[in-house]
Amino acid sequence: MALRITVIGTGYLGATHAAAMAELGFEVLGLDVVPEKIETLSAGRVPMYEPGLEELLAKHVAGIEGSSGRLRFTTSWEEVAEFGDVHFVCVNTPQKHGEYACDMSFVDAAFGSLAPLLTRPALVVGKSTVPVGSAARLARLLDEEAPGEVELAWNPEFLREGFAVGDTLHPDRIVVGVASERAEKVLREVYATPIAEGSPFVVTDFPTAELVKTSANSFLATKISFINAMAEVCEAADGDVVKLAEAIGHDERIGSKFLRAGIGFGGGCLPKDIRAFMARAGELGADQALTFLREVDSINMRRRGHMVELAREAVGGTSFLGKRVAVLGATFKPDSDDVRDSPALNVAGQIHLQGGQVTVHDPKGIENARRLFPTLAYAETALETVRGADVVLHLTEWREYRELDPAELGGVVSHRIVLDGRNALDPAKWREAGWTFRAMGRPRA
Ligand code: UGA
């Protein structure tokens, strides 16, 4: 009989994983402790913006006309424990308040709720990003709370927001930390389709699987901070970081991806993951190995401050008081409505706190941005946002902004000054329309 799968936690990761598992042909039961989320998902709607996810849900959620009916949602732990052969734990692991370390309370609560209810053979698979050593601890907990044929595996997730569906259905690698051949066999069955399509399947022990995830995100963060450090040097030397990135990216050992200089990385993953990694390495006595991540973090945070300074310079060099600042973009990256640790909102907030009159636009993130920064002004369209602006800041590289007509915008602003914080706009197009165009790490015209 086909494996029955449960997915615990239905955020970006869990909701996508649940829908993807149904798409792969499994019967799936998703659980969340927030009843409103379960209501929304059961109606085939997604509580966040993720391209393609709503279509995939509608294709499988039970009760929706024409669906496969393979996907259901619940708030009942008993139902989940009874239903599943494989339980995927997909809850989030945010940064602890006031420290670098990872807050494991949601993972611990999930295992604490599930374990005592497991009365039949099951594989519990952790997908959350956790400090190395967590899987070994949770395996011991399962041994104590659910003795018998209950086992743990660790299977980190590498999906990117905005591409979550594609990344989950066609992963560029599947990594499983297992303690037995049986666990490996079960996971090979779960991922039979992507494995058959050619996704590499890497089998490791628990600590290596946990470390693969944190080291992958650390590498990505380091790559971004590297190019942003080069942007700082380019600014000092009148070089062009965009050309520099293109040129070094042709070296296959370096590669051209993740070399876009700008206001840096944000979101719910990279910033908190590198900090949690440093904190964990410290606990293990290996802190020296990761001191470079401190620099990665500080280069990244410096970029936000640098954008504020460029904006100050653009409005006269002293103060933001009485100045109108238009901000295009609120999310931490395009094709997402996620504003967690968003560099764009951080810059907007800093300028607002310094007395600037900031108006923000975003194609999908306004609702979340308003919740986080209710005192900022928000506009419905890019054109409305820039009306009367002394400076326009391009801070999240949505396609919509690349397609703006600089001449049209130029007709409604107070001053034609645009600062590109993502190196995504075409300088020639804006300059031709009479704008002063500045970008991070690029020469002034
Ligand atoms: C990241 C990783 O890319 C995923 O592989 C991982 O699974 C995920 O974290 C996670 O741990 O769950 P995500 O946070 O969705 O995914 O976003 P990224 O595409 O990595 O972008 C992160 C930030 O870096 C964004 O703010 C983006 O604007 C910035 N970035 C990215 C740059 O500033 N420059 C670049 O060249 C690329």
# chains A, B, ... in the order shown; residues from 1 in each chain; ligands from 1
>>> residues_near_ligand(ligand="ligand 1", cutoff="9 Å", atoms="only C-alpha atoms and all ligand atoms", output="VMD selection string")
chain A and resid 12 to 13 128 to 129 156 to 164 167 213 to 214 216 to 217 220 to 221 223 to 225 227 to 228 256 to 271 273 300 331 to 334 336 341 to 344 396 to 397 422
>>> residues_around(residues="Leu310 of chain A", least_positions_apart="5", cutoff="10 Å", atoms="only C-alpha atoms", output="PyMOL selection string")
chain A and resi 305+315+317+393+419+421+438-440
>>> residues_around(residues="Asn368 of chain A", least_positions_apart="2", cutoff="9 Å", atoms="only C-alpha atoms", output="NGL selection string")
:A and (331 or 337-340 or 364-366 or 370-373)
>>> write_last_selection(atoms="N, CA, C and O atoms", output="short mmCIF file (atom, residue, chain, number, x, y, z; two decimals), in the first residue's frame")
data_model
loop_
_atom_site.label_atom_id
_atom_site.label_comp_id
_atom_site.auth_asym_id
_atom_site.auth_seq_id
_atom_site.Cartn_x
_atom_site.Cartn_y
_atom_site.Cartn_z
N THR A 331 9.06 43.80 0.05
CA THR A 331 9.37 42.41 0.40
C THR A 331 10.87 42.17 0.35
O THR A 331 11.62 42.96 -0.23
N ASP A 337 5.45 37.59 -0.76
CA ASP A 337 4.84 38.67 0.03
C ASP A 337 5.49 38.74 1.41
O ASP A 337 4.98 39.36 2.33
N ASP A 338 6.66 38.11 1.52
CA ASP A 338 7.34 37.97 2.80
C ASP A 338 8.15 39.23 3.11
O ASP A 338 8.99 39.65 2.30
N VAL A 339 7.89 39.85 4.26
CA VAL A 339 8.64 41.06 4.63
C VAL A 339 9.54 40.81 5.84
O VAL A 339 10.11 41.75 6.40
N ARG A 340 9.72 39.52 6.22
CA ARG A 340 10.57 39.25 7.38
C ARG A 340 12.00 39.74 7.10
O ARG A 340 12.57 39.43 6.06
N LYS A 364 2.91 42.83 -3.90
CA LYS A 364 2.25 41.78 -3.10
C LYS A 364 2.42 41.94 -1.60
O LYS A 364 1.73 41.27 -0.82
N GLY A 365 3.35 42.76 -1.16
CA GLY A 365 3.73 42.74 0.25
C GLY A 365 3.12 43.81 1.14
O GLY A 365 3.46 43.89 2.33
N ILE A 366 2.21 44.65 0.58
CA ILE A 366 1.73 45.80 1.35
C ILE A 366 1.01 45.38 2.64
O ILE A 366 1.24 45.97 3.70
N ARG A 370 2.35 46.64 6.14
CA ARG A 370 1.52 47.53 6.98
C ARG A 370 1.41 46.99 8.40
O ARG A 370 1.43 47.76 9.36
N ARG A 371 1.35 45.67 8.51
CA ARG A 371 1.27 45.07 9.86
C ARG A 371 2.55 45.35 10.64
O ARG A 371 2.52 45.62 11.83
N LEU A 372 3.67 45.28 9.94
CA LEU A 372 4.97 45.44 10.62
C LEU A 372 5.30 46.92 10.86
O LEU A 372 5.84 47.29 11.89
N PHE A 373 4.98 47.77 9.86
CA PHE A 373 5.30 49.20 9.94
C PHE A 373 4.04 50.02 9.66
O PHE A 373 3.91 50.64 8.60
#
>>> select_by_dssp(residues="segment 326-423 of chain A", states="alpha helix (DSSP H)", output="mmCIF file with all heavy atoms, in the first residue's frame")
data_model
loop_
_atom_site.group_PDB
_atom_site.id
_atom_site.type_symbol
_atom_site.label_atom_id
_atom_site.label_comp_id
_atom_site.auth_asym_id
_atom_site.auth_seq_id
_atom_site.Cartn_x
_atom_site.Cartn_y
_atom_site.Cartn_z
ATOM 1 N N PRO A 343 15.345 43.982 3.767
ATOM 2 C CA PRO A 343 16.220 45.147 3.662
ATOM 3 C C PRO A 343 15.452 46.384 3.183
ATOM 4 O O PRO A 343 15.708 47.490 3.653
ATOM 5 C CB PRO A 343 17.267 44.712 2.634
ATOM 6 C CG PRO A 343 17.273 43.215 2.676
ATOM 7 C CD PRO A 343 15.853 42.829 2.980
ATOM 8 N N ALA A 344 14.498 46.181 2.275
ATOM 9 C CA ALA A 344 13.736 47.317 1.729
ATOM 10 C C ALA A 344 12.957 48.027 2.832
ATOM 11 O O ALA A 344 13.019 49.249 2.981
ATOM 12 C CB ALA A 344 12.779 46.814 0.645
ATOM 13 N N LEU A 345 12.234 47.252 3.627
ATOM 14 C CA LEU A 345 11.432 47.871 4.703
ATOM 15 C C LEU A 345 12.323 48.469 5.779
ATOM 16 O O LEU A 345 11.988 49.476 6.398
ATOM 17 C CB LEU A 345 10.528 46.815 5.344
ATOM 18 C CG LEU A 345 9.080 46.756 4.904
ATOM 19 C CD1 LEU A 345 8.290 45.898 5.869
ATOM 20 C CD2 LEU A 345 8.443 48.147 4.811
ATOM 21 N N ASN A 346 13.456 47.826 6.004
ATOM 22 C CA ASN A 346 14.401 48.336 6.994
ATOM 23 C C ASN A 346 14.871 49.743 6.586
ATOM 24 O O ASN A 346 14.882 50.676 7.405
ATOM 25 C CB ASN A 346 15.573 47.346 7.096
ATOM 26 C CG ASN A 346 16.606 47.743 8.121
ATOM 27 O OD1 ASN A 346 17.193 48.814 8.017
ATOM 28 N ND2 ASN A 346 16.836 46.888 9.103
ATOM 29 N N VAL A 347 15.224 49.889 5.305
ATOM 30 C CA VAL A 347 15.670 51.201 4.806
ATOM 31 C C VAL A 347 14.517 52.215 4.915
ATOM 32 O O VAL A 347 14.696 53.335 5.404
ATOM 33 C CB VAL A 347 16.169 51.084 3.339
ATOM 34 C CG1 VAL A 347 16.347 52.448 2.706
ATOM 35 C CG2 VAL A 347 17.467 50.278 3.288
ATOM 36 N N ALA A 348 13.325 51.792 4.477
ATOM 37 C CA ALA A 348 12.164 52.693 4.542
ATOM 38 C C ALA A 348 11.922 53.132 5.985
ATOM 39 O O ALA A 348 11.683 54.315 6.261
ATOM 40 C CB ALA A 348 10.926 51.984 3.984
ATOM 41 N N GLY A 349 12.004 52.177 6.913
ATOM 42 C CA GLY A 349 11.773 52.468 8.334
ATOM 43 C C GLY A 349 12.806 53.427 8.897
ATOM 44 O O GLY A 349 12.469 54.367 9.616
ATOM 45 N N GLN A 350 14.076 53.204 8.537
ATOM 46 C CA GLN A 350 15.141 54.083 9.046
ATOM 47 C C GLN A 350 14.909 55.529 8.593
ATOM 48 O O GLN A 350 15.059 56.470 9.374
ATOM 49 C CB GLN A 350 16.505 53.634 8.526
ATOM 50 C CG GLN A 350 17.059 52.377 9.173
ATOM 51 C CD GLN A 350 18.539 52.184 8.801
ATOM 52 O OE1 GLN A 350 19.339 53.095 8.961
ATOM 53 N NE2 GLN A 350 18.880 51.019 8.313
ATOM 54 N N ILE A 351 14.552 55.694 7.317
ATOM 55 C CA ILE A 351 14.363 57.058 6.794
ATOM 56 C C ILE A 351 13.143 57.706 7.454
ATOM 57 O O ILE A 351 13.164 58.884 7.816
ATOM 58 C CB ILE A 351 14.235 57.029 5.245
ATOM 59 C CG1 ILE A 351 15.558 56.533 4.650
ATOM 60 C CG2 ILE A 351 13.863 58.403 4.702
ATOM 61 C CD1 ILE A 351 15.543 56.335 3.147
ATOM 62 N N HIS A 352 12.110 56.910 7.631
ATOM 63 C CA HIS A 352 10.901 57.407 8.304
ATOM 64 C C HIS A 352 11.239 57.873 9.728
ATOM 65 O O HIS A 352 10.821 58.947 10.172
ATOM 66 C CB HIS A 352 9.858 56.286 8.320
ATOM 67 C CG HIS A 352 8.682 56.534 9.200
ATOM 68 N ND1 HIS A 352 7.698 57.446 8.878
ATOM 69 C CD2 HIS A 352 8.329 56.005 10.394
ATOM 70 C CE1 HIS A 352 6.791 57.447 9.838
ATOM 71 N NE2 HIS A 352 7.153 56.593 10.768
ATOM 72 N N LEU A 353 12.013 57.056 10.437
ATOM 73 C CA LEU A 353 12.360 57.399 11.829
ATOM 74 C C LEU A 353 13.228 58.652 11.893
ATOM 75 O O LEU A 353 13.281 59.337 12.917
ATOM 76 C CB LEU A 353 13.084 56.232 12.503
ATOM 77 C CG LEU A 353 12.202 55.013 12.781
ATOM 78 C CD1 LEU A 353 13.035 53.829 13.274
ATOM 79 C CD2 LEU A 353 11.118 55.338 13.819
ATOM 80 N N ILE A 366 2.207 44.649 0.578
ATOM 81 C CA ILE A 366 1.728 45.798 1.353
ATOM 82 C C ILE A 366 1.014 45.381 2.644
ATOM 83 O O ILE A 366 1.240 45.969 3.704
ATOM 84 C CB ILE A 366 0.799 46.685 0.477
ATOM 85 C CG1 ILE A 366 1.616 47.371 -0.606
ATOM 86 C CG2 ILE A 366 0.061 47.737 1.324
ATOM 87 C CD1 ILE A 366 2.704 48.275 -0.106
ATOM 88 N N GLU A 367 0.193 44.356 2.544
ATOM 89 C CA GLU A 367 -0.571 43.944 3.730
ATOM 90 C C GLU A 367 0.368 43.552 4.879
ATOM 91 O O GLU A 367 0.214 44.003 6.019
ATOM 92 C CB GLU A 367 -1.431 42.746 3.360
ATOM 93 C CG GLU A 367 -2.841 42.814 3.915
ATOM 94 C CD GLU A 367 -3.623 41.604 3.457
ATOM 95 O OE1 GLU A 367 -3.912 41.519 2.246
ATOM 96 O OE2 GLU A 367 -3.901 40.749 4.300
ATOM 97 N N ASN A 368 1.374 42.728 4.558
ATOM 98 C CA ASN A 368 2.334 42.312 5.589
ATOM 99 C C ASN A 368 3.184 43.493 6.060
ATOM 100 O O ASN A 368 3.490 43.611 7.248
ATOM 101 C CB ASN A 368 3.244 41.206 5.052
ATOM 102 C CG ASN A 368 2.505 39.885 4.938
ATOM 103 O OD1 ASN A 368 1.493 39.673 5.613
ATOM 104 N ND2 ASN A 368 2.994 38.995 4.087
ATOM 105 N N ALA A 369 3.549 44.368 5.123
ATOM 106 C CA ALA A 369 4.376 45.520 5.489
ATOM 107 C C ALA A 369 3.613 46.446 6.436
ATOM 108 O O ALA A 369 4.152 46.936 7.432
ATOM 109 C CB ALA A 369 4.794 46.279 4.235
ATOM 110 N N ARG A 370 2.349 46.645 6.141
ATOM 111 C CA ARG A 370 1.522 47.527 6.977
ATOM 112 C C ARG A 370 1.413 46.995 8.399
ATOM 113 O O ARG A 370 1.428 47.763 9.359
ATOM 114 C CB ARG A 370 0.124 47.649 6.358
ATOM 115 C CG ARG A 370 -0.564 48.968 6.628
ATOM 116 C CD ARG A 370 -2.006 48.905 6.238
ATOM 117 N NE ARG A 370 -2.235 48.914 4.804
ATOM 118 C CZ ARG A 370 -2.300 50.005 4.054
ATOM 119 N NH1 ARG A 370 -2.138 51.183 4.604
ATOM 120 N NH2 ARG A 370 -2.526 49.933 2.767
ATOM 121 N N ARG A 371 1.346 45.669 8.509
ATOM 122 C CA ARG A 371 1.266 45.071 9.857
ATOM 123 C C ARG A 371 2.545 45.346 10.644
ATOM 124 O O ARG A 371 2.520 45.619 11.833
ATOM 125 C CB ARG A 371 1.053 43.549 9.748
ATOM 126 C CG ARG A 371 -0.410 43.152 9.903
ATOM 127 C CD ARG A 371 -0.540 41.676 10.226
ATOM 128 N NE ARG A 371 -0.127 40.838 9.113
ATOM 129 C CZ ARG A 371 -0.929 40.486 8.114
ATOM 130 N NH1 ARG A 371 -2.184 40.874 8.110
ATOM 131 N NH2 ARG A 371 -0.483 39.735 7.131
ATOM 132 N N LEU A 372 3.674 45.278 9.943
ATOM 133 C CA LEU A 372 4.970 45.440 10.615
ATOM 134 C C LEU A 372 5.299 46.920 10.858
ATOM 135 O O LEU A 372 5.840 47.290 11.892
ATOM 136 C CB LEU A 372 6.051 44.806 9.741
ATOM 137 C CG LEU A 372 7.322 44.341 10.401
ATOM 138 C CD1 LEU A 372 7.013 43.227 11.390
ATOM 139 C CD2 LEU A 372 8.306 43.828 9.340
ATOM 140 N N ALA A 382 2.804 52.311 -8.373
ATOM 141 C CA ALA A 382 4.146 52.905 -8.369
ATOM 142 C C ALA A 382 4.041 54.399 -8.689
ATOM 143 O O ALA A 382 4.722 55.229 -8.074
ATOM 144 C CB ALA A 382 5.029 52.185 -9.377
ATOM 145 N N LEU A 383 3.152 54.735 -9.631
ATOM 146 C CA LEU A 383 3.007 56.140 -10.032
ATOM 147 C C LEU A 383 2.546 57.012 -8.855
ATOM 148 O O LEU A 383 3.079 58.098 -8.615
ATOM 149 C CB LEU A 383 2.007 56.243 -11.197
ATOM 150 C CG LEU A 383 2.011 57.564 -11.941
ATOM 151 C CD1 LEU A 383 3.331 57.787 -12.677
ATOM 152 C CD2 LEU A 383 0.852 57.635 -12.935
ATOM 153 N N GLU A 384 1.556 56.515 -8.096
ATOM 154 C CA GLU A 384 1.077 57.255 -6.921
ATOM 155 C C GLU A 384 2.185 57.401 -5.886
ATOM 156 O O GLU A 384 2.306 58.418 -5.199
ATOM 157 C CB GLU A 384 -0.119 56.528 -6.289
ATOM 158 C CG GLU A 384 -1.441 56.846 -6.935
ATOM 159 C CD GLU A 384 -1.590 58.338 -7.201
ATOM 160 O OE1 GLU A 384 -1.508 59.125 -6.239
ATOM 161 O OE2 GLU A 384 -1.752 58.714 -8.380
ATOM 162 N N THR A 385 2.998 56.349 -5.750
ATOM 163 C CA THR A 385 4.073 56.346 -4.750
ATOM 164 C C THR A 385 5.080 57.461 -5.010
ATOM 165 O O THR A 385 5.554 58.105 -4.075
ATOM 166 C CB THR A 385 4.797 54.982 -4.774
ATOM 167 O OG1 THR A 385 3.822 53.964 -4.709
ATOM 168 C CG2 THR A 385 5.763 54.836 -3.605
ATOM 169 N N VAL A 386 5.405 57.660 -6.275
ATOM 170 C CA VAL A 386 6.483 58.611 -6.573
ATOM 171 C C VAL A 386 5.988 60.059 -6.731
ATOM 172 O O VAL A 386 6.800 60.974 -6.858
ATOM 173 C CB VAL A 386 7.283 58.206 -7.848
ATOM 174 C CG1 VAL A 386 7.788 56.780 -7.716
ATOM 175 C CG2 VAL A 386 6.469 58.369 -9.106
ATOM 176 N N ARG A 399 9.646 42.619 -11.354
ATOM 177 C CA ARG A 399 9.628 42.841 -12.801
ATOM 178 C C ARG A 399 8.881 44.138 -13.156
ATOM 179 O O ARG A 399 9.303 44.906 -14.018
ATOM 180 C CB ARG A 399 8.956 41.645 -13.488
ATOM 181 C CG ARG A 399 8.700 41.862 -14.960
ATOM 182 C CD ARG A 399 7.788 40.773 -15.484
ATOM 183 N NE ARG A 399 8.531 39.542 -15.700
ATOM 184 C CZ ARG A 399 9.138 39.244 -16.851
ATOM 185 N NH1 ARG A 399 9.063 40.052 -17.869
ATOM 186 N NH2 ARG A 399 9.793 38.128 -16.991
ATOM 187 N N GLU A 400 7.750 44.358 -12.439
ATOM 188 C CA GLU A 400 6.935 45.558 -12.670
ATOM 189 C C GLU A 400 7.786 46.845 -12.655
ATOM 190 O O GLU A 400 7.544 47.769 -13.419
ATOM 191 C CB GLU A 400 5.858 45.601 -11.569
ATOM 192 C CG GLU A 400 4.977 46.798 -11.611
ATOM 193 C CD GLU A 400 3.951 46.830 -10.461
ATOM 194 O OE1 GLU A 400 3.521 45.760 -9.966
ATOM 195 O OE2 GLU A 400 3.591 47.940 -10.062
ATOM 196 N N TYR A 401 8.776 46.891 -11.783
ATOM 197 C CA TYR A 401 9.579 48.114 -11.670
ATOM 198 C C TYR A 401 10.552 48.262 -12.839
ATOM 199 O O TYR A 401 10.874 49.364 -13.255
ATOM 200 C CB TYR A 401 10.334 48.147 -10.338
ATOM 201 C CG TYR A 401 9.423 48.128 -9.118
ATOM 202 C CD1 TYR A 401 9.813 47.493 -7.944
ATOM 203 C CD2 TYR A 401 8.170 48.738 -9.152
ATOM 204 C CE1 TYR A 401 8.979 47.463 -6.825
ATOM 205 C CE2 TYR A 401 7.328 48.710 -8.053
ATOM 206 C CZ TYR A 401 7.738 48.074 -6.897
ATOM 207 O OH TYR A 401 6.911 48.044 -5.803
ATOM 208 N N ARG A 402 11.009 47.122 -13.355
ATOM 209 C CA ARG A 402 11.907 47.191 -14.521
ATOM 210 C C ARG A 402 11.142 47.703 -15.733
ATOM 211 O O ARG A 402 11.714 48.278 -16.645
ATOM 212 C CB ARG A 402 12.489 45.808 -14.821
ATOM 213 C CG ARG A 402 13.569 45.387 -13.845
ATOM 214 C CD ARG A 402 14.447 44.291 -14.418
ATOM 215 N NE ARG A 402 13.755 43.029 -14.605
ATOM 216 C CZ ARG A 402 13.466 42.170 -13.644
ATOM 217 N NH1 ARG A 402 13.804 42.462 -12.402
ATOM 218 N NH2 ARG A 402 12.857 41.027 -13.900
ATOM 219 N N PRO A 406 10.223 55.585 -17.229
ATOM 220 C CA PRO A 406 10.852 56.689 -16.486
ATOM 221 C C PRO A 406 10.315 58.064 -16.902
ATOM 222 O O PRO A 406 10.256 58.972 -16.071
ATOM 223 C CB PRO A 406 12.336 56.567 -16.830
ATOM 224 C CG PRO A 406 12.522 55.203 -17.370
ATOM 225 C CD PRO A 406 11.218 54.773 -17.946
ATOM 226 N N ALA A 407 9.923 58.211 -18.174
ATOM 227 C CA ALA A 407 9.410 59.516 -18.620
ATOM 228 C C ALA A 407 8.093 59.826 -17.914
ATOM 229 O O ALA A 407 7.868 60.951 -17.442
ATOM 230 C CB ALA A 407 9.214 59.504 -20.133
ATOM 231 N N GLU A 408 7.227 58.816 -17.802
ATOM 232 C CA GLU A 408 5.931 59.017 -17.143
ATOM 233 C C GLU A 408 6.148 59.358 -15.653
ATOM 234 O O GLU A 408 5.562 60.309 -15.129
ATOM 235 C CB GLU A 408 5.084 57.750 -17.279
ATOM 236 C CG GLU A 408 3.652 57.945 -16.830
ATOM 237 C CD GLU A 408 2.874 56.636 -16.789
ATOM 238 O OE1 GLU A 408 3.465 55.562 -17.015
ATOM 239 O OE2 GLU A 408 1.663 56.702 -16.504
ATOM 240 N N LEU A 409 7.011 58.606 -15.004
ATOM 241 C CA LEU A 409 7.281 58.869 -13.590
ATOM 242 C C LEU A 409 7.917 60.250 -13.404
ATOM 243 O O LEU A 409 7.618 60.966 -12.439
ATOM 244 C CB LEU A 409 8.208 57.794 -13.012
ATOM 245 C CG LEU A 409 7.549 56.641 -12.267
ATOM 246 C CD1 LEU A 409 6.550 55.898 -13.133
ATOM 247 C CD2 LEU A 409 8.583 55.658 -11.730
ATOM 248 N N GLY A 410 8.788 60.579 -14.357
ATOM 249 C CA GLY A 410 9.475 61.863 -14.282
ATOM 250 C C GLY A 410 8.508 63.043 -14.291
ATOM 251 O O GLY A 410 8.806 64.109 -13.742
#
>>> closest_atom_pairs(of="segment 45-153 of chain A", to="segment 171-187 of chain A", cutoff="8 Å", atoms="only C-alpha atoms", output="tab-separated table")
residue	atom	partner	partner_atom	distance
A:Leu123	CA	A:Ala183	CA	6.9
A:Glu151	CA	A:Ala183	CA	7.4
A:Leu152	CA	A:Val178	CA	7.3
A:Ala153	CA	A:Val178	CA	4.9
>>> residues_around(residues="segment 358-361 of chain A", least_positions_apart="6", cutoff="6 Å", atoms="only C-alpha atoms", output="MDAnalysis selection string")
chainID A and resid 325:329 352 377:379 385
>>> write_last_selection(atoms="C-alpha atoms", output="mmCIF file, in the first residue's frame")
data_model
loop_
_atom_site.group_PDB
_atom_site.id
_atom_site.type_symbol
_atom_site.label_atom_id
_atom_site.label_comp_id
_atom_site.auth_asym_id
_atom_site.auth_seq_id
_atom_site.Cartn_x
_atom_site.Cartn_y
_atom_site.Cartn_z
ATOM 1 C CA VAL A 325 10.980 59.592 -0.229
ATOM 2 C CA ALA A 326 9.315 57.045 -2.530
ATOM 3 C CA VAL A 327 10.192 53.411 -1.879
ATOM 4 C CA LEU A 328 9.543 50.827 -4.590
ATOM 5 C CA GLY A 329 9.496 47.394 -2.951
ATOM 6 C CA HIS A 352 10.901 57.407 8.304
ATOM 7 C CA ALA A 377 2.465 55.545 4.153
ATOM 8 C CA TYR A 378 1.496 53.068 1.460
ATOM 9 C CA ALA A 379 0.294 53.655 -2.099
ATOM 10 C CA THR A 385 4.073 56.346 -4.750
#
>>> residues_around(residues="Arg45 of chain A", least_positions_apart="3", cutoff="9 Å", atoms="only C-alpha atoms", output="ChimeraX atom specification")
/A:39-42,48,53-55,57-58
>>> residues_around(residues="Val391 of chain A", least_positions_apart="3", cutoff="10 Å", atoms="only C-alpha atoms", output="PyMOL selection string")
chain A and resi 311-312+314-315+323-327+386+388+394+413-419+436
>>> closest_residue(among="A:Glu252, A:Asp405, A:Asp335, A:Glu309", to="Gln354 of chain A", atoms="only C-alpha atoms")
A:Glu309
>>> atom_distance(atom1="atom CA of Gly66 of chain A", atom2="atom CA of Asp85 of chain A")
26.5 Å
>>> atom_distance(atom1="atom CA of Thr193 of chain A", atom2="atom CA of Leu29 of chain A")
19.8 Å
>>> closest_residue(among="A:Glu27, A:Val61, A:Arg302, A:Gly9", to="Val89 of chain A", atoms="only C-alpha atoms")
A:Gly9
